[in-house]
$ cat run_22.txt   # compact mmCIF, C-alpha atoms
# COMPACT_ATOMS: atom_id res chain seq x y z
CA MET A 1 101.73 129.71 103.66
CA SER A 2 103.93 130.96 100.92
CA ARG A 3 100.91 132.42 99.28
CA ASN A 4 100.60 135.07 101.94
CA PHE A 5 104.07 136.33 101.35
CA ASN A 6 104.18 136.80 97.63
CA THR A 7 100.90 137.98 96.27
CA GLY A 8 102.09 137.27 92.76
CA GLU A 9 101.57 133.56 93.27
CA ARG A 10 98.00 133.89 94.28
CA ASP A 11 97.02 134.87 90.77
CA PHE A 12 98.30 131.61 89.35
CA ASP A 13 96.07 129.48 91.49
CA GLY A 14 92.93 131.19 90.38
CA ASP A 15 90.79 133.60 92.29
CA ASP A 16 88.23 131.12 93.59
CA ASP A 17 90.53 128.72 95.36
CA GLY A 18 92.97 131.14 96.84
CA PRO A 19 90.89 133.27 99.17
CA SER A 20 88.56 130.55 100.41
CA GLN A 21 91.43 128.30 101.41
CA ASP A 22 93.19 131.13 103.10
CA ARG A 23 90.13 132.08 105.02
CA ARG A 24 89.36 128.72 106.52
CA PRO A 25 92.28 128.32 108.91
CA SER A 26 92.05 131.86 110.13
CA GLY A 27 88.29 131.52 110.69
CA GLY A 28 88.62 128.24 112.56
CA GLY A 29 91.48 129.58 114.58
CA ARG A 30 93.13 126.16 114.79
CA GLY A 31 96.47 127.52 113.82
CA GLY A 32 97.38 124.63 111.53
CA PRO A 33 97.81 125.31 107.83
CA ARG A 34 94.73 124.40 105.79
CA GLY A 35 92.94 122.53 108.56
CA GLY A 36 95.54 119.80 108.69
CA ARG A 37 94.00 118.31 111.76
CA PHE A 38 92.95 115.07 110.11
CA ARG A 39 95.87 114.68 107.83
CA ARG A 40 96.94 111.05 107.99
CA ARG A 41 100.15 109.47 106.91
CA LYS A 42 101.11 110.96 103.63
CA VAL A 43 103.07 108.03 102.32
CA CYS A 44 101.72 104.76 101.05
CA ARG A 45 102.05 102.12 103.74
CA PHE A 46 102.75 99.43 101.17
CA CYS A 47 105.64 101.42 99.79
CA GLN A 48 106.97 101.84 103.29
CA ASP A 49 106.71 98.15 104.04
CA LYS A 50 108.14 97.39 100.59
CA VAL A 51 105.27 95.19 99.55
CA ASP A 52 105.62 94.08 95.95
CA ILE A 53 102.75 91.64 95.73
CA ILE A 54 99.41 91.93 97.46
CA ASP A 55 98.09 88.42 97.83
CA PHE A 56 94.37 87.88 97.39
CA LYS A 57 94.48 85.09 99.96
CA ASP A 58 95.62 87.46 102.68
CA VAL A 59 92.18 88.15 104.05
CA LYS A 60 93.41 89.77 107.22
CA LEU A 61 95.24 92.43 105.27
CA LEU A 62 92.48 93.03 102.76
CA GLN A 63 89.87 93.34 105.47
CA ASN A 64 91.50 96.58 106.53
CA PHE A 65 90.57 98.06 103.19
CA ILE A 66 86.94 97.16 103.00
CA PRO A 67 84.63 99.22 105.19
CA GLU A 68 81.38 97.80 106.54
CA ARG A 69 79.60 98.02 103.27
CA GLY A 70 82.17 95.86 101.56
CA LYS A 71 83.42 98.45 99.11
CA VAL A 72 87.02 99.18 98.30
CA LEU A 73 88.41 101.90 100.51
CA PRO A 74 89.21 104.89 98.28
CA ARG A 75 92.74 106.04 97.87
CA ARG A 76 92.21 109.39 99.52
CA ILE A 77 91.47 107.53 102.74
CA SER A 78 93.63 104.44 102.42
CA GLY A 79 96.60 106.61 101.56
CA ALA A 80 97.94 104.05 99.12
CA CYS A 81 99.89 105.13 96.06
CA ALA A 82 98.45 104.49 92.61
CA THR A 83 100.38 101.29 92.02
CA HIS A 84 99.50 99.76 95.33
CA GLN A 85 95.91 100.86 95.26
CA ARG A 86 95.57 99.11 91.93
CA MET A 87 97.12 95.95 93.31
CA LEU A 88 94.88 96.21 96.33
CA ALA A 89 91.73 96.61 94.26
CA GLU A 90 92.69 93.66 92.09
CA ALA A 91 93.37 91.50 95.12
CA ILE A 92 90.04 92.43 96.68
CA LYS A 93 88.21 91.56 93.48
CA ARG A 94 89.91 88.20 93.34
CA ALA A 95 89.14 87.52 96.96
CA ARG A 96 85.50 88.33 96.30
CA ASN A 97 85.35 85.90 93.44
CA ILE A 98 86.50 83.05 95.64
CA ALA A 99 84.18 84.01 98.51
CA LEU A 100 86.90 85.18 100.86
CA LEU A 101 85.40 88.66 100.89
CA PRO A 102 81.83 89.75 100.35
CA TYR A 103 80.63 91.56 97.25
CA ALA A 104 78.23 93.51 99.38
CA ALA A 105 77.91 93.36 103.12
CA ASP A 106 74.67 93.67 105.14
CA MET B 1 106.14 80.60 75.19
CA ALA B 2 109.41 79.03 75.87
CA GLU B 3 109.33 79.73 79.57
CA LYS B 4 107.11 78.06 82.05
CA ARG B 5 104.11 79.80 83.43
CA VAL B 6 103.20 79.59 87.06
CA TYR B 7 99.61 79.59 88.23
CA GLU B 8 97.90 79.63 91.54
CA VAL B 9 94.68 77.71 91.58
CA VAL B 10 92.35 78.04 94.53
CA PHE B 11 89.23 75.96 94.64
CA ILE B 12 86.49 75.39 97.15
CA VAL B 13 85.34 71.87 97.87
CA ASP B 14 81.91 70.99 99.15
CA PRO B 15 82.02 71.05 102.98
CA THR B 16 80.07 67.81 103.23
CA ALA B 17 82.98 65.96 101.65
CA GLY B 18 85.12 63.97 104.07
CA ASP B 19 88.87 64.09 104.31
CA GLU B 20 89.28 61.08 102.04
CA ASP B 21 86.99 62.60 99.47
CA VAL B 22 89.09 65.72 99.42
CA THR B 23 92.37 63.85 99.08
CA ARG B 24 90.89 61.68 96.37
CA LEU B 25 89.73 64.76 94.50
CA THR B 26 93.05 66.57 94.81
CA ASP B 27 94.96 63.45 93.74
CA ASN B 28 92.66 63.15 90.80
CA LEU B 29 93.20 66.74 89.76
CA GLN B 30 96.93 66.44 90.23
CA ASN B 31 96.97 63.42 87.96
CA ILE B 32 95.12 65.40 85.33
CA ILE B 33 97.70 68.16 85.51
CA ALA B 34 100.53 65.65 85.26
CA GLU B 35 98.90 64.01 82.26
CA GLN B 36 98.72 67.32 80.49
CA GLY B 37 102.40 67.97 81.08
CA GLY B 38 102.23 70.32 84.04
CA THR B 39 103.75 69.98 87.46
CA VAL B 40 102.13 70.73 90.80
CA THR B 41 104.73 72.54 92.87
CA LYS B 42 102.53 73.19 95.85
CA ASN B 43 99.46 71.52 97.24
CA GLU B 44 98.08 73.12 100.35
CA THR B 45 94.91 72.97 102.30
CA MET B 46 93.74 76.32 103.52
CA GLY B 47 91.19 74.50 105.61
CA ARG B 48 87.54 74.79 106.27
CA ARG B 49 86.49 78.40 106.11
CA HIS B 50 83.39 80.42 106.30
CA LEU B 51 82.28 81.75 102.93
CA ALA B 52 81.76 85.48 102.66
CA TYR B 53 78.50 84.77 100.86
CA ARG B 54 76.47 81.69 100.14
CA ILE B 55 77.35 79.56 97.18
CA GLY B 56 74.37 77.41 96.43
CA ARG B 57 73.25 76.35 99.88
CA ASN B 58 76.66 76.34 101.45
CA THR B 59 77.92 78.78 104.02
CA GLU B 60 81.32 77.20 104.36
CA GLY B 61 83.77 75.31 102.24
CA ILE B 62 87.10 73.56 102.18
CA PHE B 63 89.71 75.70 100.48
CA GLN B 64 92.46 74.06 98.52
CA LEU B 65 95.45 75.70 96.90
CA PHE B 66 97.52 74.40 94.01
CA GLU B 67 100.55 75.96 92.51
CA VAL B 68 100.95 74.70 88.98
CA GLU B 69 103.82 75.11 86.59
CA GLY B 70 103.25 74.54 82.94
CA SER B 71 102.28 75.85 79.55
CA GLY B 72 98.66 76.77 80.22
CA LYS B 73 97.06 73.79 78.50
CA GLU B 74 96.78 71.85 81.72
CA ILE B 75 94.95 74.78 83.29
CA ALA B 76 92.30 74.62 80.60
CA GLU B 77 91.77 70.93 81.26
CA LEU B 78 91.87 71.40 85.02
CA GLU B 79 89.27 74.12 84.90
CA ARG B 80 87.06 72.05 82.65
CA ARG B 81 87.21 69.16 85.10
CA MET B 82 86.46 71.38 88.04
CA ARG B 83 83.53 72.93 86.27
CA VAL B 84 82.05 69.50 85.67
CA ASN B 85 82.73 68.25 89.17
CA ASP B 86 79.89 68.84 91.60
CA GLN B 87 82.18 68.78 94.61
CA VAL B 88 84.04 71.85 93.48
CA LEU B 89 81.94 74.84 94.39
CA ARG B 90 84.20 77.41 92.85
CA TYR B 91 87.70 77.87 91.52
CA LEU B 92 89.98 80.75 90.71
CA THR B 93 93.16 80.61 88.68
CA VAL B 94 95.68 83.41 88.81
CA ARG B 95 98.84 83.62 86.79
CA VAL B 96 101.58 84.65 89.16
CA ASP B 97 104.89 84.33 87.33
CA GLU B 98 104.68 87.76 85.71
CA ASP B 99 103.84 89.51 88.95
CA ARG B 100 106.60 87.68 90.74
CA ARG B 101 109.11 88.63 88.12
CA ARG B 102 108.02 92.22 88.42
CA ALA B 103 108.36 92.07 92.19
CA GLU B 104 111.82 90.63 91.77
CA LYS B 105 112.74 93.54 89.55
CA PHE B 106 111.51 96.03 92.10
CA ARG B 107 113.49 94.32 94.80
CA ALA B 108 116.63 94.37 92.70
CA ARG B 109 116.18 98.02 91.91
CA ARG B 110 115.70 98.81 95.56
CA ALA B 111 118.82 96.90 96.50
CA ARG B 112 120.78 98.77 93.88
CA LYS B 113 119.45 102.11 95.06
CA SER B 114 120.29 101.52 98.69
CA LEU B 115 123.76 100.50 97.64
CA LYS B 116 124.13 103.61 95.55
CA ARG B 117 123.38 106.06 98.28
CA PRO B 118 123.83 104.82 101.80
CA THR B 119 123.06 108.29 103.15
CA ARG B 120 120.18 110.01 101.60
CA GLY B 121 121.06 113.44 103.04
CA GLY B 122 122.63 116.28 101.15
CA VAL B 123 121.13 119.00 99.06
CA ALA B 124 118.03 118.20 97.05
CA GLY B 125 119.39 119.93 93.98
CA VAL B 126 122.31 117.53 93.80
CA GLY B 127 119.86 114.68 93.24
CA THR B 128 120.10 115.12 89.50
CA ALA B 129 123.87 114.87 89.46
CA PRO B 130 124.29 111.11 90.16
CA ALA B 131 122.28 110.22 87.05
CA PRO B 132 125.32 109.31 84.92
CA ALA B 133 126.66 107.14 87.70
CA GLU B 134 123.39 105.28 87.84
CA GLU B 135 123.60 104.50 84.15
CA GLY B 136 127.02 103.00 84.72
CA SER B 137 125.68 100.64 87.35
CA GLY B 138 122.88 99.63 85.04
CA ASP B 139 125.41 98.41 82.49
CA GLU B 140 127.13 96.31 85.06
CA ALA B 141 123.94 94.60 86.07

$ encode --input "run_22.txt" --output "structure tokens"
Amino acid sequence: MSRNFNTGERDFDGDDDGPSQDRRPSGGGRGGPRGGRFRRRKVCRFCQDKVDIIDFKDVKLLQNFIPERGKVLPRRISGACATHQRMLAEAIKRARNIALLPYAAD
Amino acid sequence: MAEKRVYEVVFIVDPTAGDEDVTRLTDNLQNIIAEQGGTVTKNETMGRRHLAYRIGRNTEGIFQLFEVEGSGKEIAELERRMRVNDQVLRYLTVRVDEDRRRAEKFRARRARKSLKRPTRGGVAGVGTAPAPAEEGSGDEA
């Protein structure tokens, strides 16, 4: 939004990114800034819940982070911060080793 | 090395084993740990569970959990025994004391922070100002 007001800032971002991002919301006519329709929670849910240890035995929790295929849900979707995503990935790998979670589903 | 290490050992027992077999096996393993100078602080049965994938011909297994305190030598012996034992389908040992200590640290820091500023309002620019005060509290702790 601020980009529209001071044109000086637009030059910093580079010419390619600036215009295309500006165009999208106006073209779609949704009104929200940068197509924020699907923006999920911005903060890591583990940080919010103050989780310090992600236990590999907690299958119910881990199951939320493995889609059908059995892969680890990427951070951009899970919304976890770097620290917690790392803990999560480690826990999932441990759970796989002990046959609590599948290596590959289907 | 001076301090004790804490491990979590999860192992899967053959589902065809009866209850007595399982208790005999766990007693056996506990004795081995004790012989090596470790202590079993927790011995839990997670029960009969479905395996996420087949191990050998088995689709389910009996999950057992140990929490072991010791130097690390007993873990080596325990793992060797479990490897040899046909009833143990799989095992996993995780060292937990370091993670727990780290978690404890986080919790302490959080407690200190919430004490420091009960109200998180105010101007964002002022956020840098309380830095010296925070150092003072660090010395106390």

$ interface_residues --input "run_22.txt" --of "chain B" --to "chain A" --cutoff "8 Å" --atoms "only C-alpha atoms" --output "CSV table (one decimal) with C-alpha atoms, in the coordinates of the input"
chain,number,residue,atom,x,y,z
B,10,VAL,CA,92.4,78.0,94.5
B,11,PHE,CA,89.2,76.0,94.6
B,12,ILE,CA,86.5,75.4,97.2
B,51,LEU,CA,82.3,81.8,102.9
B,52,ALA,CA,81.8,85.5,102.7
B,53,TYR,CA,78.5,84.8,100.9
B,90,ARG,CA,84.2,77.4,92.8
B,91,TYR,CA,87.7,77.9,91.5
B,92,LEU,CA,90.0,80.8,90.7
B,99,ASP,CA,103.8,89.5,89.0
B,100,ARG,CA,106.6,87.7,90.7
B,103,ALA,CA,108.4,92.1,92.2
B,106,PHE,CA,111.5,96.0,92.1
B,107,ARG,CA,113.5,94.3,94.8

$ residues_around --input "run_22.txt" --residues "range 71-85 of chain A" --least-positions-apart "4" --cutoff "8 Å" --atoms "only C-alpha atoms" --output "PyMOL selection string"
chain A and resi 40-47+65-67+89+92+103-104

$ atom_distance --input "run_22.txt" --atom1 "CA of Asp14 in chain B" --atom2 "CA of Gln87 in chain B"
5.1 Å

$ atom_distance --input "run_22.txt" --atom1 "CA of Arg48 in chain B" --atom2 "CA of Ile62 in chain B"
4.3 Å

$ atom_distance --input "run_22.txt" --atom1 "CA of Lys4 in chain B" --atom2 "CA of Val59 in chain A"
28.4 Å

$ residues_near_point --input "run_22.txt" --point "(89.8, 74.3, 82.8)" --cutoff "12 Å" --atoms "only C-alpha atoms" --output "list in words"
Val9, Phe11, Leu29, Ile32, Ile33, Gln36, Gly72, Lys73, Glu74, Ile75, Ala76, Glu77, Leu78, Glu79, Arg80, Arg81, Met82, Arg83, Val84, Asn85, Arg90, Tyr91, Leu92 and Thr93 of chain B

$ closest_residue --input "run_22.txt" --among "B:Glu104, B:Glu69, B:Asp86, B:Asp97" --to "Ala34 in chain B" --atoms "only C-alpha atoms"
B:Glu69

$ closest_residue --input "run_22.txt" --among "B:Val68, B:Leu25, B:Val96, B:Leu115" --to "Gly37 in chain B" --atoms "only C-alpha atoms"
B:Val68

$ closest_residue --input "run_22.txt" --among "B:Gly70, B:Pro15, B:Asp21, B:Glu8" --to "Glu35 in chain B" --atoms "only C-alpha atoms"
B:Gly70

$ axis_aligned_box --input "run_22.txt" --around "range 106-117 of chain B" --padding-each-side "8 Å" --output "JSON"
{"center_x": 117.8, "center_y": 100.2, "center_z": 95.3, "size_x": 28.6, "size_y": 27.7, "size_z": 22.8}
